[in-house]
$ cat entry-v3.pdb   # PDB, C-alpha atoms, pLDDT in the B column
ATOM      1  CA  MET A 248       0.000   0.000   0.000  1.00 45.00           C
ATOM      2  CA  SER A 249       2.950   2.305   0.545  1.00 45.00           C
ATOM      3  CA  LYS A 250       3.581   2.383  -3.225  1.00 46.00           C
ATOM      4  CA  LEU A 251       0.078   3.625  -4.127  1.00 44.00           C
ATOM      5  CA  PRO A 252       0.784   7.368  -3.720  1.00 50.00           C
ATOM      6  CA  GLY A 253       3.692   7.063  -6.171  1.00 51.00           C
ATOM      7  CA  LYS A 254       1.443   5.474  -8.793  1.00 47.00           C
ATOM      8  CA  ILE A 255      -1.133   8.161  -8.299  1.00 45.00           C
ATOM      9  CA  LYS A 256       1.549  10.814  -8.770  1.00 46.00           C
ATOM     10  CA  SER A 257       2.734   9.186 -12.041  1.00 49.00           C
ATOM     11  CA  LEU A 258      -0.821   9.002 -13.289  1.00 49.00           C
ATOM     12  CA  ARG A 259      -1.273  12.663 -12.464  1.00 50.00           C
ATOM     13  CA  PHE A 260       1.811  13.588 -14.538  1.00 46.00           C
ATOM     14  CA  ILE A 261       0.504  11.580 -17.478  1.00 47.00           C
ATOM     15  CA  LEU A 262      -2.904  13.255 -17.317  1.00 48.00           C
ATOM     16  CA  VAL A 263      -1.336  16.722 -17.096  1.00 44.00           C
ATOM     17  CA  GLY A 264       0.866  15.980 -20.106  1.00 49.00           C
ATOM     18  CA  MET A 265      -2.108  14.800 -22.153  1.00 52.00           C
ATOM     19  CA  LEU A 266      -4.024  17.934 -21.199  1.00 47.00           C
ATOM     20  CA  ILE A 267      -1.149  20.159 -22.393  1.00 42.00           C
ATOM     21  CA  VAL A 268      -1.020  18.370 -25.759  1.00 42.00           C
ATOM     22  CA  ILE A 269      -4.818  18.671 -26.213  1.00 43.00           C
ATOM     23  CA  LEU A 270      -4.727  22.404 -25.404  1.00 39.00           C
ATOM     24  CA  ALA A 271      -1.845  22.957 -27.822  1.00 42.00           C
ATOM     25  CA  VAL A 272      -3.726  21.284 -30.665  1.00 40.00           C
ATOM     26  CA  LEU A 273      -6.934  23.209 -29.925  1.00 40.00           C
ATOM     27  CA  THR A 274      -5.155  26.579 -29.864  1.00 38.00           C
ATOM     28  CA  GLY A 275      -3.122  25.886 -33.014  1.00 41.00           C
ATOM     29  CA  CYS A 276       0.229  26.097 -31.204  1.00 40.00           C
ATOM     30  CA  SER A 277       1.515  22.597 -31.793  1.00 38.00           C
ATOM     31  CA  PRO A 278       5.221  22.381 -32.746  1.00 37.00           C
ATOM     32  CA  LYS A 279       4.354  20.330 -35.862  1.00 35.00           C
ATOM     33  CA  LYS A 280       2.074  23.004 -37.330  1.00 32.00           C
ATOM     34  CA  ALA A 281       4.600  25.756 -36.706  1.00 33.00           C
ATOM     35  CA  ALA A 282       7.269  23.741 -38.516  1.00 32.00           C
ATOM     36  CA  VAL A 283       5.302  23.252 -41.753  1.00 29.00           C
ATOM     37  CA  GLU A 284       3.595  26.641 -41.990  1.00 31.00           C
ATOM     38  CA  GLU A 285       4.546  28.434 -45.241  1.00 29.00           C
ATOM     39  CA  PRO A 286       5.225  32.187 -45.511  1.00 29.00           C
ATOM     40  CA  THR A 287       2.496  34.179 -47.270  1.00 30.00           C
ATOM     41  CA  ILE A 288       2.981  35.920 -50.605  1.00 29.00           C
ATOM     42  CA  HIS A 289       2.945  39.227 -48.760  1.00 32.00           C
ATOM     43  CA  ASP A 290       5.931  38.159 -46.656  1.00 33.00           C
ATOM     44  CA  SER A 291       7.898  37.364 -49.812  1.00 35.00           C
ATOM     45  CA  ALA A 292       6.766  40.466 -51.685  1.00 34.00           C
ATOM     46  CA  ALA A 293       8.129  42.718 -48.972  1.00 32.00           C
ATOM     47  CA  LYS A 294      11.627  41.454 -49.770  1.00 35.00           C
ATOM     48  CA  VAL A 295      11.513  42.178 -53.510  1.00 34.00           C
ATOM     49  CA  GLU A 296      14.094  44.818 -54.423  1.00 40.00           C
ATOM     50  CA  TRP A 297      13.409  47.750 -56.711  1.00 40.00           C
ATOM     51  CA  SER A 298      14.903  46.973 -60.151  1.00 47.00           C
ATOM     52  CA  GLU A 299      16.893  49.966 -61.319  1.00 54.00           C
ATOM     53  CA  ALA A 300      18.127  50.757 -64.807  1.00 53.00           C
ATOM     54  CA  VAL A 301      21.205  48.731 -65.759  1.00 78.00           C
ATOM     55  CA  ASP A 302      23.248  48.239 -68.930  1.00 91.00           C
ATOM     56  CA  PRO A 303      21.766  46.663 -72.096  1.00 95.00           C
ATOM     57  CA  GLY A 304      23.288  43.248 -71.437  1.00 95.00           C
ATOM     58  CA  ASP A 305      21.912  43.038 -67.925  1.00 95.00           C
ATOM     59  CA  SER A 306      18.521  44.226 -69.154  1.00 97.00           C
ATOM     60  CA  LYS A 307      18.379  41.440 -71.723  1.00 96.00           C
ATOM     61  CA  MET A 308      19.216  38.853 -69.083  1.00 97.00           C
ATOM     62  CA  LYS A 309      16.451  40.174 -66.833  1.00 97.00           C
ATOM     63  CA  LEU A 310      13.915  39.791 -69.649  1.00 97.00           C
ATOM     64  CA  ILE A 311      15.147  36.286 -70.466  1.00 97.00           C
ATOM     65  CA  SER A 312      15.024  35.245 -66.811  1.00 97.00           C
ATOM     66  CA  GLY A 313      11.548  36.696 -66.423  1.00 97.00           C
ATOM     67  CA  ASN A 314      10.210  34.823 -69.432  1.00 98.00           C
ATOM     68  CA  VAL A 315      11.776  31.573 -68.190  1.00 97.00           C
ATOM     69  CA  ARG A 316       9.995  32.040 -64.862  1.00 97.00           C
ATOM     70  CA  TYR A 317       6.715  32.714 -66.665  1.00 98.00           C
ATOM     71  CA  VAL A 318       6.974  29.593 -68.808  1.00 98.00           C
ATOM     72  CA  SER A 319       7.920  27.407 -65.822  1.00 97.00           C
ATOM     73  CA  GLY A 320       5.164  28.890 -63.652  1.00 97.00           C
ATOM     74  CA  LYS A 321       7.701  29.861 -60.975  1.00 96.00           C
ATOM     75  CA  LEU A 322       6.853  33.565 -60.874  1.00 97.00           C
ATOM     76  CA  LYS A 323       8.637  35.921 -58.554  1.00 95.00           C
ATOM     77  CA  ALA A 324       6.726  37.671 -55.791  1.00 95.00           C
ATOM     78  CA  LYS A 325       5.433  41.096 -56.856  1.00 94.00           C
ATOM     79  CA  ASP A 326       5.612  44.001 -54.458  1.00 95.00           C
ATOM     80  CA  LEU A 327       2.286  45.800 -54.887  1.00 94.00           C
ATOM     81  CA  SER A 328       2.347  47.323 -51.433  1.00 96.00           C
ATOM     82  CA  ALA A 329       1.653  50.917 -50.451  1.00 97.00           C
ATOM     83  CA  THR A 330       5.352  51.220 -49.590  1.00 97.00           C
ATOM     84  CA  LYS A 331       6.329  50.262 -53.141  1.00 96.00           C
ATOM     85  CA  ARG A 332       3.859  52.743 -54.631  1.00 96.00           C
ATOM     86  CA  LYS A 333       5.209  55.458 -52.345  1.00 97.00           C
ATOM     87  CA  ASP A 334       8.788  54.707 -53.419  1.00 96.00           C
ATOM     88  CA  LEU A 335       7.858  54.986 -57.083  1.00 97.00           C
ATOM     89  CA  SER A 336       5.908  58.173 -56.474  1.00 97.00           C
ATOM     90  CA  GLU A 337       8.614  59.913 -54.447  1.00 97.00           C
ATOM     91  CA  ASN A 338      11.743  58.597 -56.162  1.00 96.00           C
ATOM     92  CA  GLY A 339      10.499  58.303 -59.738  1.00 96.00           C
ATOM     93  CA  GLN A 340      10.537  55.395 -62.151  1.00 96.00           C
ATOM     94  CA  LYS A 341      13.661  53.598 -63.329  1.00 95.00           C
ATOM     95  CA  PRO A 342      12.466  51.012 -65.889  1.00 97.00           C
ATOM     96  CA  PHE A 343      15.258  48.737 -67.105  1.00 97.00           C
ATOM     97  CA  ALA A 344      13.625  48.031 -70.496  1.00 98.00           C
ATOM     98  CA  ILE A 345      11.285  49.623 -73.027  1.00 98.00           C
ATOM     99  CA  VAL A 346       8.878  47.139 -74.602  1.00 98.00           C
ATOM    100  CA  LEU A 347       7.073  48.037 -77.803  1.00 98.00           C
ATOM    101  CA  THR A 348       4.524  45.329 -78.499  1.00 98.00           C
ATOM    102  CA  CYS A 349       1.092  44.598 -79.919  1.00 98.00           C
ATOM    103  CA  SER A 350      -2.152  45.577 -78.199  1.00 98.00           C
ATOM    104  CA  ASP A 351      -3.289  41.934 -78.350  1.00 98.00           C
ATOM    105  CA  SER A 352      -4.769  40.955 -74.978  1.00 98.00           C
ATOM    106  CA  ARG A 353      -2.716  37.741 -74.951  1.00 98.00           C
ATOM    107  CA  VAL A 354       0.590  39.599 -74.993  1.00 98.00           C
ATOM    108  CA  SER A 355       0.849  41.522 -71.713  1.00 98.00           C
ATOM    109  CA  PRO A 356       4.563  42.380 -71.221  1.00 98.00           C
ATOM    110  CA  GLU A 357       4.510  42.585 -67.428  1.00 98.00           C
ATOM    111  CA  LEU A 358       2.972  39.094 -67.303  1.00 98.00           C
ATOM    112  CA  ILE A 359       4.875  37.188 -69.996  1.00 98.00           C
ATOM    113  CA  LEU A 360       8.189  38.741 -68.908  1.00 98.00           C
ATOM    114  CA  ASP A 361       7.341  38.414 -65.187  1.00 98.00           C
ATOM    115  CA  GLN A 362       8.101  41.982 -64.123  1.00 98.00           C
ATOM    116  CA  GLY A 363       6.552  44.318 -61.588  1.00 97.00           C
ATOM    117  CA  LEU A 364       5.705  47.960 -60.975  1.00 97.00           C
ATOM    118  CA  GLY A 365       8.354  50.328 -62.292  1.00 97.00           C
ATOM    119  CA  ASP A 366      10.265  47.653 -64.233  1.00 97.00           C
ATOM    120  CA  LEU A 367       9.055  48.156 -67.816  1.00 98.00           C
ATOM    121  CA  PHE A 368       8.192  51.191 -69.949  1.00 98.00           C
ATOM    122  CA  VAL A 369       5.515  49.825 -72.279  1.00 98.00           C
ATOM    123  CA  ILE A 370       4.152  51.103 -75.598  1.00 98.00           C
ATOM    124  CA  ARG A 371       1.404  49.033 -77.225  1.00 98.00           C
ATOM    125  CA  THR A 372      -0.144  49.468 -80.665  1.00 98.00           C
ATOM    126  CA  ALA A 373      -1.928  46.998 -82.965  1.00 98.00           C
ATOM    127  CA  GLY A 374       0.765  45.233 -84.953  1.00 98.00           C
ATOM    128  CA  ASN A 375       3.444  46.904 -82.779  1.00 98.00           C
ATOM    129  CA  VAL A 376       3.796  49.636 -85.405  1.00 98.00           C
ATOM    130  CA  VAL A 377       5.115  53.093 -84.617  1.00 98.00           C
ATOM    131  CA  ASP A 378       4.148  56.647 -85.489  1.00 97.00           C
ATOM    132  CA  PRO A 379       5.606  59.962 -84.212  1.00 97.00           C
ATOM    133  CA  ILE A 380       3.677  59.652 -80.933  1.00 97.00           C
ATOM    134  CA  ALA A 381       4.914  56.121 -80.252  1.00 98.00           C
ATOM    135  CA  ILE A 382       8.477  57.063 -81.192  1.00 98.00           C
ATOM    136  CA  GLY A 383       8.253  60.132 -78.953  1.00 98.00           C
ATOM    137  CA  SER A 384       7.149  57.933 -76.062  1.00 98.00           C
ATOM    138  CA  ILE A 385      10.182  55.703 -76.571  1.00 98.00           C
ATOM    139  CA  GLU A 386      12.472  58.732 -76.853  1.00 98.00           C
ATOM    140  CA  TYR A 387      11.218  59.979 -73.499  1.00 98.00           C
ATOM    141  CA  ALA A 388      12.300  56.760 -71.786  1.00 98.00           C
ATOM    142  CA  VAL A 389      15.651  56.770 -73.556  1.00 98.00           C
ATOM    143  CA  GLU A 390      16.526  60.407 -72.961  1.00 97.00           C
ATOM    144  CA  HIS A 391      14.931  61.171 -69.592  1.00 97.00           C
ATOM    145  CA  LEU A 392      14.758  57.792 -67.834  1.00 97.00           C
ATOM    146  CA  HIS A 393      18.026  56.483 -69.355  1.00 97.00           C
ATOM    147  CA  THR A 394      16.469  53.107 -70.058  1.00 98.00           C
ATOM    148  CA  PRO A 395      19.170  51.015 -71.773  1.00 98.00           C
ATOM    149  CA  LEU A 396      17.154  48.523 -73.826  1.00 98.00           C
ATOM    150  CA  ILE A 397      14.313  48.579 -76.368  1.00 98.00           C
ATOM    151  CA  MET A 398      12.515  45.341 -77.188  1.00 98.00           C
ATOM    152  CA  VAL A 399      10.269  45.294 -80.257  1.00 98.00           C
ATOM    153  CA  LEU A 400       8.044  42.285 -79.595  1.00 98.00           C
ATOM    154  CA  GLY A 401       5.794  40.791 -82.266  1.00 98.00           C
ATOM    155  CA  HIS A 402       3.746  37.640 -81.789  1.00 98.00           C
ATOM    156  CA  GLU A 403       2.321  34.710 -83.707  1.00 97.00           C
ATOM    157  CA  GLN A 404      -1.218  34.888 -85.098  1.00 97.00           C
ATOM    158  CA  CYS A 405      -1.121  38.694 -85.116  1.00 98.00           C
ATOM    159  CA  GLY A 406      -4.510  40.041 -86.209  1.00 97.00           C
ATOM    160  CA  ALA A 407      -3.040  43.240 -87.620  1.00 97.00           C
ATOM    161  CA  VAL A 408      -0.657  41.270 -89.840  1.00 98.00           C
ATOM    162  CA  LYS A 409      -3.495  39.004 -90.993  1.00 96.00           C
ATOM    163  CA  ALA A 410      -5.562  42.084 -91.825  1.00 95.00           C
ATOM    164  CA  ALA A 411      -2.741  43.424 -93.987  1.00 96.00           C
ATOM    165  CA  ILE A 412      -2.523  40.082 -95.803  1.00 96.00           C
ATOM    166  CA  GLU A 413      -6.275  39.870 -96.375  1.00 93.00           C
ATOM    167  CA  ALA A 414      -6.422  43.458 -97.603  1.00 91.00           C
ATOM    168  CA  GLY A 415      -3.949  42.688-100.367  1.00 82.00           C
ATOM    169  CA  GLU A 416      -3.589  45.704-102.599  1.00 77.00           C
ATOM    170  CA  GLY A 417      -7.015  47.013-101.620  1.00 81.00           C
ATOM    171  CA  LYS A 418      -7.705  50.064 -99.537  1.00 81.00           C
ATOM    172  CA  VAL A 419      -8.812  49.664 -95.913  1.00 85.00           C
ATOM    173  CA  GLU A 420     -11.279  52.315 -94.767  1.00 81.00           C
ATOM    174  CA  GLY A 421     -10.938  54.269 -91.545  1.00 88.00           C
ATOM    175  CA  ASN A 422      -7.980  54.550 -89.233  1.00 92.00           C
ATOM    176  CA  LEU A 423      -7.311  50.814 -89.484  1.00 93.00           C
ATOM    177  CA  GLY A 424      -5.953  51.601 -92.910  1.00 94.00           C
ATOM    178  CA  ALA A 425      -2.994  53.409 -91.330  1.00 95.00           C
ATOM    179  CA  ILE A 426      -2.006  50.213 -89.516  1.00 97.00           C
ATOM    180  CA  VAL A 427      -2.363  48.083 -92.642  1.00 96.00           C
ATOM    181  CA  GLU A 428      -0.258  50.524 -94.675  1.00 95.00           C
ATOM    182  CA  LYS A 429       2.517  50.241 -92.099  1.00 96.00           C
ATOM    183  CA  ILE A 430       2.547  46.434 -92.235  1.00 97.00           C
ATOM    184  CA  ARG A 431       1.906  45.923 -95.969  1.00 97.00           C
ATOM    185  CA  PRO A 432       5.587  46.304 -97.039  1.00 97.00           C
ATOM    186  CA  SER A 433       6.559  43.529 -94.616  1.00 98.00           C
ATOM    187  CA  VAL A 434       3.895  41.250 -96.117  1.00 97.00           C
ATOM    188  CA  GLU A 435       5.260  41.916 -99.608  1.00 97.00           C
ATOM    189  CA  LYS A 436       8.806  41.241 -98.430  1.00 97.00           C
ATOM    190  CA  ALA A 437       7.756  37.905 -96.903  1.00 98.00           C
ATOM    191  CA  LYS A 438       5.992  36.960-100.158  1.00 97.00           C
ATOM    192  CA  ALA A 439       9.072  37.876-102.176  1.00 97.00           C
ATOM    193  CA  ALA A 440      11.105  35.526 -99.966  1.00 96.00           C
ATOM    194  CA  GLY A 441       8.772  32.674-100.904  1.00 97.00           C
ATOM    195  CA  ALA A 442       6.449  32.572 -97.876  1.00 97.00           C
ATOM    196  CA  THR A 443       2.964  31.227 -98.613  1.00 96.00           C
ATOM    197  CA  GLY A 444      -0.019  29.705 -96.814  1.00 96.00           C
ATOM    198  CA  VAL A 445       0.231  29.427 -93.037  1.00 94.00           C
ATOM    199  CA  ASP A 446       3.884  30.500 -93.179  1.00 97.00           C
ATOM    200  CA  LEU A 447       3.076  33.879 -94.685  1.00 98.00           C
ATOM    201  CA  PRO A 448       1.593  35.631 -91.603  1.00 97.00           C
ATOM    202  CA  GLU A 449       4.419  34.353 -89.388  1.00 97.00           C
ATOM    203  CA  LYS A 450       7.170  35.430 -91.783  1.00 98.00           C
ATOM    204  CA  ALA A 451       5.412  38.757 -92.324  1.00 98.00           C
ATOM    205  CA  THR A 452       5.290  39.257 -88.548  1.00 98.00           C
ATOM    206  CA  GLU A 453       9.034  38.734 -88.336  1.00 98.00           C
ATOM    207  CA  GLU A 454       9.652  41.122 -91.221  1.00 98.00           C
ATOM    208  CA  ASN A 455       7.410  43.667 -89.509  1.00 98.00           C
ATOM    209  CA  VAL A 456       9.483  43.479 -86.321  1.00 98.00           C
ATOM    210  CA  LYS A 457      12.661  44.035 -88.326  1.00 98.00           C
ATOM    211  CA  ALA A 458      11.051  46.972 -90.136  1.00 98.00           C
ATOM    212  CA  VAL A 459      10.048  48.624 -86.860  1.00 98.00           C
ATOM    213  CA  VAL A 460      13.560  48.187 -85.429  1.00 98.00           C
ATOM    214  CA  LYS A 461      14.985  49.812 -88.553  1.00 98.00           C
ATOM    215  CA  GLU A 462      12.466  52.654 -88.378  1.00 98.00           C
ATOM    216  CA  LEU A 463      13.431  53.426 -84.786  1.00 98.00           C
ATOM    217  CA  GLU A 464      17.110  53.440 -85.691  1.00 97.00           C
ATOM    218  CA  GLU A 465      16.648  55.683 -88.720  1.00 96.00           C
ATOM    219  CA  LYS A 466      13.885  58.110 -87.705  1.00 95.00           C
ATOM    220  CA  SER A 467      14.926  59.047 -84.187  1.00 98.00           C
ATOM    221  CA  PRO A 468      18.088  61.118 -83.629  1.00 98.00           C
ATOM    222  CA  ILE A 469      17.762  60.504 -79.872  1.00 98.00           C
ATOM    223  CA  ILE A 470      17.706  56.736 -80.302  1.00 98.00           C
ATOM    224  CA  ARG A 471      20.451  56.857 -82.930  1.00 97.00           C
ATOM    225  CA  ASP A 472      22.745  58.889 -80.673  1.00 97.00           C
ATOM    226  CA  ALA A 473      22.196  56.564 -77.706  1.00 97.00           C
ATOM    227  CA  LEU A 474      22.944  53.554 -79.903  1.00 97.00           C
ATOM    228  CA  GLY A 475      26.134  55.234 -81.100  1.00 97.00           C
ATOM    229  CA  GLN A 476      27.237  55.922 -77.529  1.00 96.00           C
ATOM    230  CA  GLY A 477      26.639  52.317 -76.535  1.00 96.00           C
ATOM    231  CA  THR A 478      24.164  53.238 -73.806  1.00 96.00           C
ATOM    232  CA  LEU A 479      21.217  51.708 -75.681  1.00 98.00           C
ATOM    233  CA  GLN A 480      20.466  48.530 -77.591  1.00 98.00           C
ATOM    234  CA  ILE A 481      17.435  47.476 -79.647  1.00 98.00           C
ATOM    235  CA  ILE A 482      16.371  43.852 -79.958  1.00 98.00           C
ATOM    236  CA  GLY A 483      13.587  42.297 -82.014  1.00 98.00           C
ATOM    237  CA  ALA A 484      11.659  39.259 -80.826  1.00 98.00           C
ATOM    238  CA  LYS A 485       8.572  37.173 -81.500  1.00 98.00           C
ATOM    239  CA  TYR A 486       6.278  35.676 -78.859  1.00 98.00           C
ATOM    240  CA  ASP A 487       4.759  32.195 -79.163  1.00 98.00           C
ATOM    241  CA  LEU A 488       1.205  32.281 -77.791  1.00 97.00           C
ATOM    242  CA  ASP A 489       0.766  28.678 -76.687  1.00 96.00           C
ATOM    243  CA  GLU A 490       4.321  27.988 -75.511  1.00 97.00           C
ATOM    244  CA  GLY A 491       4.643  31.355 -73.777  1.00 97.00           C
ATOM    245  CA  ARG A 492       8.207  31.833 -74.967  1.00 97.00           C
ATOM    246  CA  TYR A 493       9.749  34.567 -77.044  1.00 97.00           C
ATOM    247  CA  SER A 494      12.561  34.041 -79.511  1.00 95.00           C
ATOM    248  CA  SER A 495      15.049  36.559 -80.814  1.00 94.00           C
ATOM    249  CA  ILE A 496      14.627  37.838 -84.355  1.00 88.00           C
ATOM    250  CA  ARG A 497      17.570  40.152 -84.258  1.00 64.00           C
TER
END

$ encode --input "entry-v3.pdb" --output "structure tokens"
Amino acid sequence: MSKLPGKIKSLRFILVGMLIVILAVLTGCSPKKAAVEEPTIHDSAAKVEWSEAVDPGDSKMKLISGNVRYVSGKLKAKDLSATKRKDLSENGQKPFAIVLTCSDSRVSPELILDQGLGDLFVIRTAGNVVDPIAIGSIEYAVEHLHTPLIMVLGHEQCGAVKAAIEAGEGKVEGNLGAIVEKIRPSVEKAKAAGATGVDLPEKATEENVKAVVKELEEKSPIIRDALGQGTLQIIGAKYDLDEGRYSSIR
């Protein structure tokens, strides 16, 4: 009988231990849960650094890396916080690349290149064609923001290119005609190179990108001077809609 109090004491310790475990589970404080809990997207976004303008080579690598992340589905955290907006408002923008691309809803530069607020200076027109207003917009980024890279980005199945092909030599009424007239020489060049059928719109798209690159180089003294100084580079590329990748044209 003298050993009974000791057994009661052991039983008491066991019951107390079980009670502690039950309370921990009920309050969500168990060591196991704490060990497997993942950080939220907001925690990660707070650590994203502001991408400042760099040299053309670095800018190209940032675009390549961003597109690789997009294709793989491993997107970087985006800082969309009030702090980020305040930084951009107070300190100004420092985009590392200018992207001239089509207005097509499937070709959103910030998405397909996986970039955030303040990273890209974007100009979008149907068929990624340029006029004095579009060129002036690009010149602003080159001269005042010192952005070191211009990407002219076309894409497969471009509606503006198809419209130029379907129009042939005919006249297109309204302001759409201005777009067709811009693209028509590229269609003729693709035809002269032997492109036909389903290959024609894709080859014409590539020729159109090359034509726009050439137009920027020849019609803008600001762009031409920056290219001559080595502080700016222009690249041409084409985006594949279903694969999500872009490939270099020039």

$ residues_near_point --input "entry-v3.pdb" --point "(15.4, 60.0, -75.0)" --cutoff "12 Å" --atoms "only C-alpha atoms" --output "PyMOL selection string"
chain A and resi 345+382-397+463+467-474+478-479

$ residues_near_point --input "entry-v3.pdb" --point "(12.7, 37.0, -84.1)" --cutoff "9 Å" --atoms "all atoms listed in the file" --output "PyMOL selection string"
chain A and resi 400-401+452-454+456-457+482-486+493-497

$ write_last_selection --input "entry-v3.pdb" --atoms "C-alpha atoms" --output "PDB file, in the frame of the given file"
ATOM      1  CA  LEU A 400       8.044  42.285 -79.595  1.00 98.00           C
ATOM      2  CA  GLY A 401       5.794  40.791 -82.266  1.00 98.00           C
ATOM      3  CA  THR A 452       5.290  39.257 -88.548  1.00 98.00           C
ATOM      4  CA  GLU A 453       9.034  38.734 -88.336  1.00 98.00           C
ATOM      5  CA  GLU A 454       9.652  41.122 -91.221  1.00 98.00           C
ATOM      6  CA  VAL A 456       9.483  43.479 -86.321  1.00 98.00           C
ATOM      7  CA  LYS A 457      12.661  44.035 -88.326  1.00 98.00           C
ATOM      8  CA  ILE A 482      16.371  43.852 -79.958  1.00 98.00           C
ATOM      9  CA  GLY A 483      13.587  42.297 -82.014  1.00 98.00           C
ATOM     10  CA  ALA A 484      11.659  39.259 -80.826  1.00 98.00           C
ATOM     11  CA  LYS A 485       8.572  37.173 -81.500  1.00 98.00           C
ATOM     12  CA  TYR A 486       6.278  35.676 -78.859  1.00 98.00           C
ATOM     13  CA  TYR A 493       9.749  34.567 -77.044  1.00 97.00           C
ATOM     14  CA  SER A 494      12.561  34.041 -79.511  1.00 95.00           C
ATOM     15  CA  SER A 495      15.049  36.559 -80.814  1.00 94.00           C
ATOM     16  CA  ILE A 496      14.627  37.838 -84.355  1.00 88.00           C
ATOM     17  CA  ARG A 497      17.570  40.152 -84.258  1.00 64.00           C
TER      18      ARG A 497
END

$ atom_distance --input "entry-v3.pdb" --atom1 "CA of Lys436 (chain A)" --atom2 "CA of Lys450 (chain A)"
9.0 Å

$ closest_residue --input "entry-v3.pdb" --among "A:Ser352, A:Gly417, A:Leu347, A:Lys438" --to "Ala381 (chain A)" --atoms "only C-alpha atoms"
A:Leu347

$ atom_distance --input "entry-v3.pdb" --atom1 "CA of Ser319 (chain A)" --atom2 "CA of Lys307 (chain A)"
18.5 Å

$ atom_distance --input "entry-v3.pdb" --atom1 "CA of Gly475 (chain A)" --atom2 "CA of Asn375 (chain A)"
24.2 Å

$ resolve_selection --input "entry-v3.pdb" --expression "the PyMOL selection byres ((chain A and resi 414) around 12)" --output "PDB file with C-alpha atoms, in the frame of the given file"
ATOM      1  CA  ALA A 407      -3.040  43.240 -87.620  1.00 97.00           C
ATOM      2  CA  VAL A 408      -0.657  41.270 -89.840  1.00 98.00           C
ATOM      3  CA  LYS A 409      -3.495  39.004 -90.993  1.00 96.00           C
ATOM      4  CA  ALA A 410      -5.562  42.084 -91.825  1.00 95.00           C
ATOM      5  CA  ALA A 411      -2.741  43.424 -93.987  1.00 96.00           C
ATOM      6  CA  ILE A 412      -2.523  40.082 -95.803  1.00 96.00           C
ATOM      7  CA  GLU A 413      -6.275  39.870 -96.375  1.00 93.00           C
ATOM      8  CA  GLY A 415      -3.949  42.688-100.367  1.00 82.00           C
ATOM      9  CA  GLU A 416      -3.589  45.704-102.599  1.00 77.00           C
ATOM     10  CA  GLY A 417      -7.015  47.013-101.620  1.00 81.00           C
ATOM     11  CA  LYS A 418      -7.705  50.064 -99.537  1.00 81.00           C
ATOM     12  CA  VAL A 419      -8.812  49.664 -95.913  1.00 85.00           C
ATOM     13  CA  GLU A 420     -11.279  52.315 -94.767  1.00 81.00           C
ATOM     14  CA  LEU A 423      -7.311  50.814 -89.484  1.00 93.00           C
ATOM     15  CA  GLY A 424      -5.953  51.601 -92.910  1.00 94.00           C
ATOM     16  CA  ILE A 426      -2.006  50.213 -89.516  1.00 97.00           C
ATOM     17  CA  VAL A 427      -2.363  48.083 -92.642  1.00 96.00           C
ATOM     18  CA  GLU A 428      -0.258  50.524 -94.675  1.00 95.00           C
ATOM     19  CA  ILE A 430       2.547  46.434 -92.235  1.00 97.00           C
ATOM     20  CA  ARG A 431       1.906  45.923 -95.969  1.00 97.00           C
ATOM     21  CA  VAL A 434       3.895  41.250 -96.117  1.00 97.00           C
ATOM     22  CA  GLU A 435       5.260  41.916 -99.608  1.00 97.00           C
TER      23      GLU A 435
END

$ resolve_selection --input "entry-v3.pdb" --expression "the PyMOL selection byres ((chain A and resi 309-312) around 9)" --output "PyMOL selection string"
chain A and resi 304-308+313-317+343-344+360-362+493

$ closest_residue --input "entry-v3.pdb" --among "A:Ala442, A:Val460, A:Leu358, A:Leu364" --to "Arg332 (chain A)" --atoms "only C-alpha atoms"
A:Leu364

$ closest_residue --input "entry-v3.pdb" --among "A:Asn455, A:Ala437, A:Ser355, A:Gly363" --to "Ser328 (chain A)" --atoms "all atoms listed in the file"
A:Gly363

$ closest_residue --input "entry-v3.pdb" --among "A:Lys461, A:Lys321, A:Lys333, A:Lys466" --to "Ile481 (chain A)" --atoms "only C-alpha atoms"
A:Lys461

$ closest_residue --input "entry-v3.pdb" --among "A:Asp378, A:Asp489, A:Glu337, A:Glu449" --to "Val318 (chain A)" --atoms "only C-alpha atoms"
A:Asp489
